[in-house]
>>> print(open('model01.txt').read())   # compact mmCIF, C-alpha atoms
# COMPACT_ATOMS: atom_id res chain seq x y z
CA MET W 1 7.40 -11.69 -32.29
CA ASP W 2 11.02 -12.24 -31.13
CA LYS W 3 10.68 -9.34 -28.71
CA PHE W 4 7.48 -10.83 -27.36
CA LYS W 5 9.01 -14.29 -26.93
CA LYS W 6 12.01 -12.80 -25.11
CA LEU W 7 9.66 -10.97 -22.75
CA ILE W 8 7.69 -14.15 -22.02
CA ALA W 9 10.89 -16.15 -21.45
CA GLU W 10 12.02 -13.53 -18.91
CA ALA W 11 8.68 -13.54 -17.14
CA LEU W 12 8.60 -17.34 -16.87
CA GLU W 13 12.33 -17.62 -16.15
CA VAL W 14 12.80 -20.18 -18.93
CA SER W 15 14.75 -20.23 -22.21
CA GLU W 16 13.05 -19.04 -25.39
CA SER W 17 13.24 -22.57 -26.81
CA GLU W 18 10.85 -23.74 -24.09
CA ILE W 19 8.17 -21.35 -25.31
CA SER W 20 5.49 -22.37 -27.76
CA MET W 21 3.19 -19.70 -29.11
CA ASN W 22 0.35 -22.14 -29.77
CA ALA W 23 0.60 -24.45 -26.77
CA ALA W 24 -1.81 -24.05 -23.85
CA LEU W 25 -0.56 -21.33 -21.51
CA ASP W 26 -0.41 -23.60 -18.47
CA SER W 27 1.72 -26.15 -20.34
CA HIS W 28 4.66 -23.75 -19.89
CA PRO W 29 6.90 -24.12 -16.84
CA ASN W 30 6.18 -21.61 -14.02
CA PHE W 31 2.96 -20.47 -15.67
CA ASP W 32 0.57 -19.27 -12.96
CA SER W 33 -1.21 -16.13 -11.76
CA LEU W 34 2.09 -14.56 -10.66
CA ALA W 35 3.55 -15.14 -14.14
CA MET W 36 0.47 -13.51 -15.69
CA VAL W 37 0.97 -10.42 -13.55
CA ILE W 38 4.62 -10.21 -14.58
CA ILE W 39 3.71 -10.64 -18.26
CA LEU W 40 1.12 -7.85 -17.93
CA ALA W 41 3.77 -5.51 -16.51
CA LYS W 42 6.41 -6.46 -19.05
CA ILE W 43 4.01 -5.76 -21.91
CA ASP W 44 3.39 -2.32 -20.41
CA GLU W 45 7.15 -1.78 -20.05
CA HIS W 46 8.20 -2.96 -23.52
CA TYR W 47 5.20 -1.97 -25.65
CA SER W 48 3.78 0.94 -23.60
CA LYS W 49 0.40 -0.80 -23.87
CA GLN W 50 -1.94 -1.54 -20.99
CA LEU W 51 -3.80 -4.78 -21.53
CA LYS W 52 -7.00 -5.26 -19.59
CA ALA W 53 -6.83 -8.05 -17.01
CA GLU W 54 -10.22 -9.36 -18.14
CA ASP W 55 -8.97 -9.69 -21.75
CA ILE W 56 -5.68 -11.35 -20.89
CA ARG W 57 -7.56 -13.80 -18.69
CA LYS W 58 -9.50 -15.09 -21.71
CA ALA W 59 -6.29 -15.95 -23.59
CA LYS W 60 -5.65 -19.65 -24.09
CA THR W 61 -2.23 -19.44 -25.78
CA LEU W 62 0.68 -17.00 -26.01
CA ASN W 63 -0.48 -16.29 -29.52
CA ASP W 64 -3.79 -15.04 -28.09
CA ILE W 65 -1.86 -12.65 -25.81
CA TYR W 66 0.33 -11.52 -28.71
CA LYS W 67 -2.79 -10.74 -30.75
CA LEU W 68 -4.12 -8.69 -27.82
CA VAL W 69 -0.87 -6.70 -27.73
CA GLU W 70 -1.15 -6.01 -31.45
CA LYS W 71 -4.83 -5.05 -31.16
CA THR W 72 -4.42 -2.75 -28.13
CA LYS W 73 -3.71 0.88 -28.92
CA MET J 1 -10.40 15.90 -6.54
CA LYS J 2 -7.49 18.32 -6.74
CA VAL J 3 -6.73 20.95 -4.12
CA LYS J 4 -3.98 22.89 -2.38
CA LEU J 5 -4.33 23.57 1.37
CA ASN J 6 -2.26 26.09 3.32
CA GLY J 7 -1.18 26.79 6.89
CA LEU J 8 -0.27 23.21 7.75
CA SER J 9 2.48 21.14 9.30
CA ILE J 10 2.89 17.38 9.47
CA SER J 11 4.81 17.57 12.71
CA ALA J 12 5.37 13.98 13.88
CA ILE J 13 5.18 10.42 12.52
CA ALA J 14 5.60 7.15 14.44
CA THR J 15 4.77 3.51 13.72
CA ALA J 16 4.33 0.38 15.81
CA LEU J 17 4.77 -3.19 14.57
CA PRO J 18 3.94 -6.51 16.20
CA LYS J 19 7.09 -8.37 17.28
CA ASN J 20 6.09 -11.71 15.78
CA SER J 21 6.64 -12.68 12.16
CA ASP J 22 5.47 -15.36 9.77
CA ASP J 23 8.55 -16.60 7.87
CA PHE J 24 6.46 -18.80 5.55
CA SER J 25 7.97 -22.06 6.87
CA GLU J 26 4.49 -23.64 6.98
CA LEU J 27 3.90 -22.59 3.36
CA ILE J 28 7.29 -24.00 2.32
CA GLN J 29 6.21 -27.37 3.72
CA LYS J 30 2.91 -27.16 1.90
CA PHE J 31 3.93 -25.72 -1.48
CA GLY J 32 7.68 -26.54 -1.67
CA GLU J 33 10.72 -24.33 -1.29
CA LYS J 34 11.13 -23.66 -5.02
CA GLU J 35 7.63 -22.23 -5.38
CA ILE J 36 7.89 -20.05 -2.27
CA LYS J 37 11.33 -18.77 -3.33
CA ARG J 38 9.96 -17.80 -6.73
CA ILE J 39 7.23 -15.74 -5.08
CA VAL J 40 9.71 -14.12 -2.67
CA ALA J 41 11.99 -13.22 -5.61
CA SER J 42 9.10 -11.28 -7.08
CA THR J 43 7.57 -9.68 -3.96
CA GLY J 44 10.87 -9.02 -2.14
CA ILE J 45 9.10 -9.95 1.10
CA THR J 46 10.83 -12.65 3.20
CA LYS J 47 8.51 -12.43 6.21
CA VAL J 48 5.46 -10.53 7.39
CA ARG J 49 4.61 -9.14 10.81
CA VAL J 50 1.68 -10.81 12.54
CA ALA J 51 -0.16 -9.38 15.55
CA ASP J 52 -0.80 -11.65 18.53
CA LYS J 53 -4.33 -12.91 18.92
CA GLY J 54 -6.45 -10.20 20.52
CA VAL J 55 -4.23 -7.30 19.43
CA CYS J 56 -6.25 -4.84 17.35
CA ALA J 57 -5.13 -2.20 14.86
CA SER J 58 -6.16 0.43 17.40
CA ASP J 59 -3.73 -1.07 19.97
CA LEU J 60 -0.81 -0.66 17.58
CA CYS J 61 -1.90 2.88 16.72
CA GLU J 62 -2.34 3.73 20.40
CA ALA J 63 1.23 2.57 21.12
CA ALA J 64 2.57 4.73 18.26
CA ALA J 65 0.63 7.75 19.59
CA ARG J 66 1.87 7.26 23.15
CA HIS J 67 5.41 7.05 21.78
CA ILE J 68 5.05 10.48 20.15
CA PHE J 69 3.49 11.99 23.32
CA LYS J 70 6.36 10.65 25.44
CA GLU J 71 9.23 11.54 23.12
CA LEU J 72 7.97 15.05 22.35
CA ASN J 73 6.54 15.63 25.80
CA ASN J 74 3.27 16.44 24.02
CA ASP J 75 0.16 17.05 26.05
CA PRO J 76 -2.78 14.97 24.74
CA ALA J 77 -5.04 17.75 26.06
CA ALA J 78 -3.78 20.00 23.25
CA ILE J 79 -5.20 17.66 20.59
CA ASP J 80 -8.64 18.73 19.38
CA GLY J 81 -9.26 16.16 16.64
CA ILE J 82 -8.70 12.43 16.26
CA ILE J 83 -9.18 10.37 13.09
CA PHE J 84 -8.85 6.59 12.96
CA ILE J 85 -8.55 5.01 9.51
CA SER J 86 -8.62 1.28 9.19
CA GLN J 87 -10.64 -1.64 7.90
CA THR J 88 -10.27 -3.62 11.10
CA PHE J 89 -12.19 -1.66 13.72
CA ASP J 90 -12.55 -2.72 17.37
CA HIS J 91 -16.33 -3.17 17.04
CA ILE J 92 -19.04 -2.89 14.37
CA ILE J 93 -20.47 -0.09 16.56
CA PRO J 94 -19.21 2.39 17.91
CA ALA J 95 -16.41 4.26 16.18
CA THR J 96 -12.94 3.21 17.35
CA SER J 97 -11.78 6.84 17.31
CA ALA J 98 -14.15 7.56 20.21
CA ILE J 99 -12.63 4.73 22.24
CA LEU J 100 -9.14 6.01 21.43
CA GLN J 101 -10.07 9.57 22.47
CA ASP J 102 -10.78 8.28 25.95
CA LYS J 103 -7.87 5.82 26.16
CA LEU J 104 -5.33 8.43 25.08
CA GLY J 105 -6.66 11.12 27.40
CA LEU J 106 -7.76 13.52 24.68
CA PRO J 107 -10.18 16.24 25.76
CA LYS J 108 -13.92 15.72 25.39
CA THR J 109 -13.99 18.80 23.17
CA ALA J 110 -12.13 16.80 20.49
CA VAL J 111 -13.90 15.83 17.28
CA ALA J 112 -13.48 12.09 16.61
CA PHE J 113 -14.37 9.95 13.62
CA ASP J 114 -13.44 6.80 11.72
CA ILE J 115 -12.83 6.44 8.02
CA ARG J 116 -12.80 3.08 6.27
CA TYR J 117 -9.99 2.72 3.78
CA GLY J 118 -7.02 0.44 3.17
CA CYS J 119 -3.89 1.20 1.22
CA SER J 120 -5.01 4.73 0.26
CA ALA J 121 -5.72 5.52 3.94
CA TYR J 122 -2.64 7.65 4.56
CA ILE J 123 -3.59 9.97 1.71
CA TYR J 124 -7.18 10.23 3.01
CA GLY J 125 -5.93 10.75 6.55
CA ILE J 126 -3.56 13.58 5.75
CA TYR J 127 -6.25 15.14 3.55
CA GLN J 128 -8.97 14.96 6.21
CA ALA J 129 -6.67 16.14 9.01
CA SER J 130 -5.50 19.01 6.81
CA LEU J 131 -9.11 20.01 6.12
CA LEU J 132 -9.87 20.11 9.86
CA VAL J 133 -6.86 22.35 10.48
CA SER J 134 -7.14 24.59 7.43
CA SER J 135 -10.87 25.17 8.07
CA GLY J 136 -10.08 26.37 11.59
CA SER J 137 -12.00 23.47 13.18
CA CYS J 138 -8.90 22.09 14.86
CA SER J 139 -5.40 23.23 15.69
CA ARG J 140 -3.78 19.81 16.21
CA VAL J 141 -5.13 16.54 14.83
CA LEU J 142 -4.02 13.04 15.80
CA LEU J 143 -4.23 10.73 12.83
CA LEU J 144 -4.16 7.04 13.66
CA ILE J 145 -3.91 4.61 10.76
CA GLY J 146 -3.41 0.87 10.84
CA ASP J 147 -4.78 -2.57 10.17
CA VAL J 148 -4.52 -6.06 11.57
CA ASN J 149 -5.38 -7.92 8.39
CA THR J 150 -3.66 -11.25 8.95
CA PRO J 151 -6.63 -12.90 10.76
CA LEU J 152 -8.78 -12.20 7.68
CA ILE J 153 -6.53 -14.14 5.29
CA ASN J 154 -7.17 -17.82 4.69
CA LYS J 155 -4.22 -19.91 5.91
CA SER J 156 -3.82 -21.54 2.50
CA ASP J 157 -3.95 -18.30 0.48
CA LYS J 158 -0.24 -18.02 -0.20
CA ALA J 159 -0.59 -14.97 -2.46
CA LEU J 160 -1.95 -12.82 0.37
CA ARG J 161 -0.19 -14.54 3.29
CA MET J 162 3.17 -13.86 1.71
CA VAL J 163 2.48 -10.15 1.26
CA LEU J 164 0.22 -8.63 3.92
CA GLY J 165 1.37 -7.80 7.46
CA ASP J 166 -0.03 -5.89 10.46
CA SER J 167 0.95 -2.47 11.82
CA GLY J 168 -0.26 0.82 13.26
CA SER J 169 0.85 4.43 12.92
CA ALA J 170 0.36 7.85 14.46
CA THR J 171 0.80 11.18 12.72
CA ILE J 172 0.23 14.70 14.00
CA VAL J 173 -1.07 17.33 11.61
CA GLU J 174 -1.27 20.86 12.99
CA LYS J 175 -1.18 24.55 12.18
CA GLY J 176 2.02 25.54 10.39
CA ASN J 177 3.49 27.24 7.37
CA ASP J 178 3.40 24.51 4.78
CA THR J 179 1.22 24.06 1.73
CA LEU J 180 0.09 20.58 0.75
CA ALA J 181 -1.26 19.59 -2.67
CA PHE J 182 -3.70 16.71 -3.04
CA ASN J 183 -4.87 14.62 -5.99
CA ILE J 184 -7.39 11.94 -5.01
CA MET J 185 -9.26 9.51 -7.29
CA THR J 186 -11.98 6.85 -6.87
CA ASP J 187 -13.28 4.03 -9.07
CA GLY J 188 -15.93 1.99 -7.30
CA SER J 189 -16.41 -0.22 -10.36
CA GLY J 190 -13.47 -2.18 -8.98
CA PHE J 191 -15.01 -2.65 -5.51
CA ASP J 192 -15.00 -6.44 -5.84
CA LYS J 193 -11.33 -6.73 -6.83
CA LEU J 194 -10.19 -6.39 -3.22
CA ILE J 195 -12.97 -7.41 -0.87
CA ILE J 196 -14.28 -9.37 2.07
CA PRO J 197 -17.73 -10.14 0.67
CA SER J 198 -19.50 -11.19 3.87
CA GLY J 199 -19.94 -9.63 7.30
CA GLY J 200 -21.64 -6.35 6.33
CA ALA J 201 -25.28 -5.49 5.72
CA ARG J 202 -25.24 -6.55 2.04
CA TYR J 203 -24.22 -10.12 2.85
CA PRO J 204 -24.42 -10.78 6.60
CA ALA J 205 -22.20 -13.54 8.00
CA ASN J 206 -24.04 -16.88 8.10
CA ASP J 207 -23.29 -20.60 7.85
CA ASN J 208 -22.76 -20.28 4.13
CA SER J 209 -20.26 -17.42 4.39
CA LYS J 210 -18.07 -19.51 6.68
CA LYS J 211 -17.72 -22.39 4.19
CA GLU J 212 -14.23 -22.77 2.78
CA THR J 213 -14.33 -23.73 -0.89
CA GLU J 214 -11.80 -24.00 -3.70
CA ARG J 215 -11.79 -20.88 -5.86
CA GLU J 216 -9.68 -19.62 -8.80
CA ASN J 217 -6.15 -21.07 -9.21
CA GLY J 218 -6.86 -23.67 -6.54
CA ASN J 219 -7.06 -21.03 -3.77
CA ILE J 220 -9.17 -22.02 -0.80
CA ARG J 221 -11.14 -19.44 1.16
CA SER J 222 -14.51 -18.50 2.61
CA ASP J 223 -16.60 -15.39 1.93
CA GLU J 224 -15.38 -14.02 5.26
CA ASN J 225 -11.77 -14.08 4.04
CA LEU J 226 -10.00 -11.30 2.20
CA TYR J 227 -9.92 -11.76 -1.57
CA MET J 228 -7.62 -9.96 -3.99
CA ASP J 229 -7.74 -10.21 -7.76
CA GLY J 230 -3.97 -9.85 -8.20
CA MET J 231 -4.03 -9.26 -11.91
CA GLU J 232 -6.72 -6.56 -11.81
CA ILE J 233 -5.04 -4.79 -8.89
CA THR J 234 -1.61 -4.90 -10.54
CA SER J 235 -3.08 -3.65 -13.79
CA PHE J 236 -4.79 -0.81 -11.88
CA CYS J 237 -1.53 0.20 -10.14
CA LEU J 238 0.52 0.23 -13.33
CA ARG J 239 -2.14 2.20 -15.18
CA GLU J 240 -3.14 4.81 -12.60
CA ILE J 241 -0.23 5.53 -10.24
CA PRO J 242 2.12 7.34 -12.65
CA LYS J 243 -0.84 9.49 -13.76
CA VAL J 244 -1.97 10.46 -10.25
CA ILE J 245 1.61 11.40 -9.35
CA ASP J 246 2.01 13.53 -12.49
CA GLY J 247 -1.28 15.20 -11.54
CA VAL J 248 -0.21 16.15 -8.02
CA LEU J 249 3.15 17.47 -9.27
CA GLU J 250 1.24 19.70 -11.65
CA ILE J 251 -0.93 21.13 -8.83
CA ALA J 252 2.13 21.71 -6.64
CA GLU J 253 4.06 23.12 -9.61
CA TRP J 254 6.98 20.82 -8.84
CA LYS J 255 9.19 19.16 -11.41
CA LYS J 256 9.71 15.41 -11.04
CA GLU J 257 13.49 15.93 -10.91
CA GLU J 258 13.14 18.21 -7.83
CA VAL J 259 11.39 15.57 -5.74
CA GLY J 260 13.62 14.16 -2.98
CA ILE J 261 11.48 11.15 -2.26
CA PHE J 262 8.48 9.40 -3.72
CA ALA J 263 7.02 7.55 -0.73
CA LEU J 264 4.87 5.03 -2.57
CA HIS J 265 2.57 2.67 -0.72
CA GLN J 266 4.72 -0.44 -0.30
CA THR J 267 2.82 -3.10 -2.22
CA ASN J 268 5.59 -5.47 -3.27
CA LYS J 269 9.01 -5.07 -4.87
CA PHE J 270 7.82 -6.02 -8.31
CA ILE J 271 5.27 -3.18 -8.48
CA ILE J 272 7.55 -0.58 -6.87
CA ASP J 273 10.39 -1.44 -9.29
CA PHE J 274 8.03 -1.29 -12.21
CA LEU J 275 6.59 2.09 -11.19
CA ARG J 276 10.07 3.48 -10.60
CA LYS J 277 11.17 2.44 -14.09
CA LYS J 278 8.03 3.90 -15.58
CA MET J 279 8.56 7.17 -13.69
CA GLN J 280 12.21 7.15 -14.84
CA VAL J 281 13.67 7.98 -11.44
CA HIS J 282 16.56 6.50 -9.43
CA PRO J 283 16.04 3.71 -6.83
CA GLU J 284 17.15 5.94 -3.91
CA VAL J 285 14.22 8.26 -4.69
CA VAL J 286 11.66 5.41 -4.58
CA PRO J 287 12.63 3.24 -1.60
CA PHE J 288 11.32 -0.24 -0.94
CA VAL J 289 11.64 -1.11 2.75
CA ILE J 290 9.21 -3.91 3.62
CA PHE J 291 11.53 -6.92 3.08
CA GLU J 292 11.00 -8.20 6.63
CA THR J 293 7.69 -6.62 7.61
CA GLY J 294 5.37 -7.20 4.65
CA ASN J 295 2.89 -4.83 3.07
CA THR J 296 1.32 -3.37 6.21
CA GLY J 297 -1.62 -1.97 4.27
CA PRO J 298 -2.60 1.59 5.26
CA ALA J 299 0.55 2.19 7.33
CA THR J 300 3.31 1.47 4.80
CA ILE J 301 3.94 5.14 3.98
CA PRO J 302 4.61 6.20 7.61
CA HIS J 303 6.57 2.96 8.05
CA LEU J 304 8.78 3.90 5.10
CA PHE J 305 9.58 7.25 6.75
CA CYS J 306 10.28 5.64 10.11
CA VAL J 307 12.75 3.22 8.47
CA GLU J 308 14.42 5.70 6.14
CA HIS J 309 14.24 9.02 8.01
CA LYS J 310 17.93 9.33 8.90
CA ARG J 311 19.09 8.80 5.32
CA LEU J 312 16.35 11.04 3.94
CA LYS J 313 17.33 13.80 6.36
CA ASN J 314 21.07 13.43 5.71
CA GLU J 315 20.51 13.60 1.97
CA ASN J 316 18.13 16.60 2.32
CA ARG J 317 15.37 14.75 0.54
CA LEU J 318 12.39 15.70 2.70
CA SER J 319 11.58 19.26 1.67
CA LYS J 320 9.96 17.96 -1.50
CA THR J 321 8.17 14.75 -0.60
CA VAL J 322 5.54 13.00 -2.67
CA MET J 323 3.34 10.38 -0.97
CA CYS J 324 1.12 8.04 -2.96
CA GLY J 325 -1.35 5.45 -1.68
CA TYR J 326 -3.55 3.09 -3.69
CA GLY J 327 -5.80 0.11 -3.14
CA VAL J 328 -9.20 -1.05 -1.97
CA GLY J 329 -12.18 0.95 -3.21
CA LEU J 330 -10.65 1.24 -5.71
CA SER J 331 -9.14 4.38 -4.32
CA TRP J 332 -5.87 6.15 -4.95
CA GLY J 333 -4.24 9.50 -4.40
CA ALA J 334 -1.03 11.48 -4.04
CA ILE J 335 0.16 14.36 -1.87
CA THR J 336 3.08 16.78 -2.05
CA ALA J 337 4.44 17.97 1.29
CA ASN J 338 7.45 19.45 3.01
CA LEU J 339 8.55 16.97 5.70
CA SER J 340 11.94 18.56 6.44
CA ASN J 341 10.72 19.77 9.85
CA THR J 342 8.78 16.60 10.72
CA ARG J 343 9.91 14.53 13.71
CA PHE J 344 10.20 10.86 12.80
CA PHE J 345 10.69 8.03 15.25
CA ASP J 346 12.27 4.64 14.73
CA THR J 347 9.58 1.96 14.55
CA ILE J 348 8.61 0.54 17.92
CA GLU J 349 7.62 -3.10 18.47
CA LEU J 350 5.10 -4.65 20.81
>>> encode(input="model01.txt", output="structure tokens")
Amino acid sequence: MDKFKKLIAEALEVSESEISMNAALDSHPNFDSLAMVIILAKIDEHYSKQLKAEDIRKAKTLNDIYKLVEKTK
Amino acid sequence: MKVKLNGLSISAIATALPKNSDDFSELIQKFGEKEIKRIVASTGITKVRVADKGVCASDLCEAAARHIFKELNNDPAAIDGIIFISQTFDHIIPATSAILQDKLGLPKTAVAFDIRYGCSAYIYGIYQASLLVSSGSCSRVLLLIGDVNTPLINKSDKALRMVLGDSGSATIVEKGNDTLAFNIMTDGSGFDKLIIPSGGARYPANDNSKKETERENGNIRSDENLYMDGMEITSFCLREIPKVIDGVLEIAEWKKEEVGIFALHQTNKFIIDFLRKKMQVHPEVVPFVIFETGNTGPATIPHLFCVEHKRLKNENRLSKTVMCGYGVGLSWGAITANLSNTRFFDTIEL
């Protein structure tokens, strides 16, 4: 989870304390389609997992994305 | 599709760019400096080249071809094939390649045809020109590849406006002693991820297609504007490009460490950096050169060579070159080639 939070903080260019796993995605600073693309790439880089764009798009919170990472083989 | 073709030479490459640029000042006013700077930090693109009204992709390609003819004292009469690859043709009918055959003074015995592709166009072009030469159909093929995409982008679509630029290129493929390896892939299930929906036979332009409406993420556009699903396209690049490159290296029987340059289609800095890290190669082997020109679609690979050729030559990087293009279709592919004897020309502007 810490690794995931660090990755999200990097993608959004914010500190880890500004990240809430259960808050709505767009309540985070800098959260937009560009941020989503960067998160997608960082997950690939750090977890060697390729999330599908259509799945990640359904996510409402960071927790949803984290679950996707765990679920993806 | 995987194949090796023999008896070839990519003998000359030139590119032509429009002089004018969009430096995003209008977008800064509209969206704020902070937002625009954040996008630039990710794309690496500070301005894009924009063709003057009325200048077509074929005009830029024609200028690049004339530059090669002049510099090499080449006789257009010796060219027996011409291929034009673009998505922005002069007319719906006829083929732009036929018009260019006449304009450039190529003989009437030349075979001429258009191919419709975007960012994978350079791979398709080299492949098709190589087939014409290796089959014995032609001895010297003029390959013209370019697009003027900026008029197709909605003014308020900052994602595309801050990335795509216009340009044209000319390449000569002829009989020679080199072997090229090709690895080309297609996935039409992604056809709607990078698309202009209206204007063709499936959805002819009408009053409805011209209506600008608010779409995803607040983007405004009409069905006659270019649309890109950024997340799907990025996901596709990250997933497929390393694999298609590994595949072509296997056909060519080259080791990754031997490659002097990976000339990847110049999408944006973020994707190129990511692919480089994934491929575990040094930055000098995977250049990014479009800081002040933008992603010029089908002509970024020749553009890269025209910007970097002196360094690449000095560092002896060209004998083992990998080119990789990817985009609309979805379509992607990679080629291995020896470009150490190729003549490159600094980019011309018009």
>>> interface_residues(input="model01.txt", of="chain J", to="chain W", cutoff="7 Å", atoms="all atoms listed in the file", output="NGL selection string")
:J and (231-232 or 234-235 or 239)
>>> residues_around(input="model01.txt", residues="stretch 104-107 of chain J", least_positions_apart="2", cutoff="9 Å", atoms="all atoms listed in the file", output="JSON, numbers by chain")
{"J": [62, 65, 66, 75, 76, 77, 78, 79, 80, 81, 82, 99, 100, 101, 102, 109, 110]}
>>> closest_residue(input="model01.txt", among="W:Pro29, W:Met21, W:His46, W:Leu12", to="W:Thr61", atoms="only C-alpha atoms")
W:Met21
>>> atom_distance(input="model01.txt", atom1="atom CA of W:Asp64", atom2="atom CA of J:Asn217")
20.0 Å
>>> atom_distance(input="model01.txt", atom1="atom CA of J:Lys34", atom2="atom CA of W:Val14")
14.4 Å
>>> closest_residue(input="model01.txt", among="J:Glu216, J:Glu71, J:Asp114, J:Glu349", to="J:Ser21", atoms="all atoms listed in the file")
J:Glu349
>>> residues_around(input="model01.txt", residues="J:Thr186", least_positions_apart="5", cutoff="7 Å", atoms="all atoms listed in the file", output="number ranges by chain")
J: 329-332
>>> write_last_selection(input="model01.txt", atoms="C-alpha atoms", output="CSV table (one decimal), keeping the file's coordinate frame")
chain,number,residue,atom,x,y,z
J,329,GLY,CA,-12.2,1.0,-3.2
J,330,LEU,CA,-10.6,1.2,-5.7
J,331,SER,CA,-9.1,4.4,-4.3
J,332,TRP,CA,-5.9,6.2,-5.0
>>> residues_around(input="model01.txt", residues="J:Gln266", least_positions_apart="4", cutoff="7 Å", atoms="all atoms listed in the file", output="number ranges by chain")
J: 288, 290, 295, 300
>>> axis_aligned_box(input="model01.txt", around="stretch 5-10 of chain J", padding_each_side="4 Å", output="JSON")
{"center_x": -0.7, "center_y": 22.1, "center_z": 5.4, "size_x": 15.2, "size_y": 17.4, "size_z": 16.1}
>>> atom_distance(input="model01.txt", atom1="atom CA of J:Leu142", atom2="atom CA of J:Ser340")
19.3 Å
>>> residues_around(input="model01.txt", residues="J:Asn341", least_positions_apart="6", cutoff="12 Å", atoms="all atoms listed in the file", output="ChimeraX atom specification")
/J:8-13,176-178,309,312-313,316-321
>>> residues_around(input="model01.txt", residues="stretch 243-255 of chain J", least_positions_apart="6", cutoff="6 Å", atoms="all atoms listed in the file", output="list of chain:residue names")
J:Ala181, J:Asn183, J:Ala334
>>> decode(input="model01.txt", residues="stretch 227-239 of chain J", atoms="N, CA, C and O atoms", output="mmCIF file, in the first residue's frame")
data_model
loop_
_atom_site.group_PDB
_atom_site.id
_atom_site.type_symbol
_atom_site.label_atom_id
_atom_site.label_comp_id
_atom_site.auth_asym_id
_atom_site.auth_seq_id
_atom_site.Cartn_x
_atom_site.Cartn_y
_atom_site.Cartn_z
ATOM 1 N N TYR J 227 -10.451 12.844 -32.647
ATOM 2 C CA TYR J 227 -10.628 12.433 -31.248
ATOM 3 C C TYR J 227 -9.572 11.398 -30.893
ATOM 4 O O TYR J 227 -9.309 10.481 -31.668
ATOM 5 N N MET J 228 -8.982 11.554 -29.717
ATOM 6 C CA MET J 228 -8.052 10.534 -29.219
ATOM 7 C C MET J 228 -8.428 10.162 -27.797
ATOM 8 O O MET J 228 -8.599 11.039 -26.951
ATOM 9 N N ASP J 229 -8.552 8.875 -27.555
ATOM 10 C CA ASP J 229 -8.747 8.371 -26.199
ATOM 11 C C ASP J 229 -7.348 8.173 -25.615
ATOM 12 O O ASP J 229 -6.717 7.135 -25.821
ATOM 13 N N GLY J 230 -6.871 9.201 -24.915
ATOM 14 C CA GLY J 230 -5.476 9.232 -24.457
ATOM 15 C C GLY J 230 -5.094 8.042 -23.605
ATOM 16 O O GLY J 230 -3.997 7.492 -23.755
ATOM 17 N N MET J 231 -6.007 7.633 -22.749
ATOM 18 C CA MET J 231 -5.666 6.536 -21.849
ATOM 19 C C MET J 231 -5.540 5.207 -22.599
ATOM 20 O O MET J 231 -4.605 4.438 -22.371
ATOM 21 N N GLU J 232 -6.481 4.955 -23.505
ATOM 22 C CA GLU J 232 -6.423 3.712 -24.292
ATOM 23 C C GLU J 232 -5.169 3.692 -25.169
ATOM 24 O O GLU J 232 -4.508 2.662 -25.300
ATOM 25 N N ILE J 233 -4.859 4.820 -25.792
ATOM 26 C CA ILE J 233 -3.714 4.867 -26.700
ATOM 27 C C ILE J 233 -2.408 4.701 -25.916
ATOM 28 O O ILE J 233 -1.500 3.965 -26.334
ATOM 29 N N THR J 234 -2.332 5.351 -24.753
ATOM 30 C CA THR J 234 -1.122 5.191 -23.926
ATOM 31 C C THR J 234 -0.978 3.739 -23.485
ATOM 32 O O THR J 234 0.108 3.155 -23.576
ATOM 33 N N SER J 235 -2.084 3.182 -23.038
ATOM 34 C CA SER J 235 -2.066 1.798 -22.568
ATOM 35 C C SER J 235 -1.604 0.857 -23.699
ATOM 36 O O SER J 235 -0.785 -0.043 -23.487
ATOM 37 N N PHE J 236 -2.114 1.122 -24.903
ATOM 38 C CA PHE J 236 -1.717 0.335 -26.088
ATOM 39 C C PHE J 236 -0.207 0.455 -26.362
ATOM 40 O O PHE J 236 0.482 -0.549 -26.583
ATOM 41 N N CYS J 237 0.317 1.670 -26.295
ATOM 42 C CA CYS J 237 1.757 1.883 -26.553
ATOM 43 C C CYS J 237 2.608 1.118 -25.542
ATOM 44 O O CYS J 237 3.549 0.416 -25.912
ATOM 45 N N LEU J 238 2.263 1.283 -24.270
ATOM 46 C CA LEU J 238 3.079 0.672 -23.220
ATOM 47 C C LEU J 238 3.049 -0.852 -23.317
ATOM 48 O O LEU J 238 4.031 -1.534 -23.059
ATOM 49 N N ARG J 239 1.890 -1.365 -23.729
ATOM 50 C CA ARG J 239 1.708 -2.816 -23.792
ATOM 51 C C ARG J 239 2.386 -3.429 -25.012
ATOM 52 O O ARG J 239 3.038 -4.462 -24.921
#
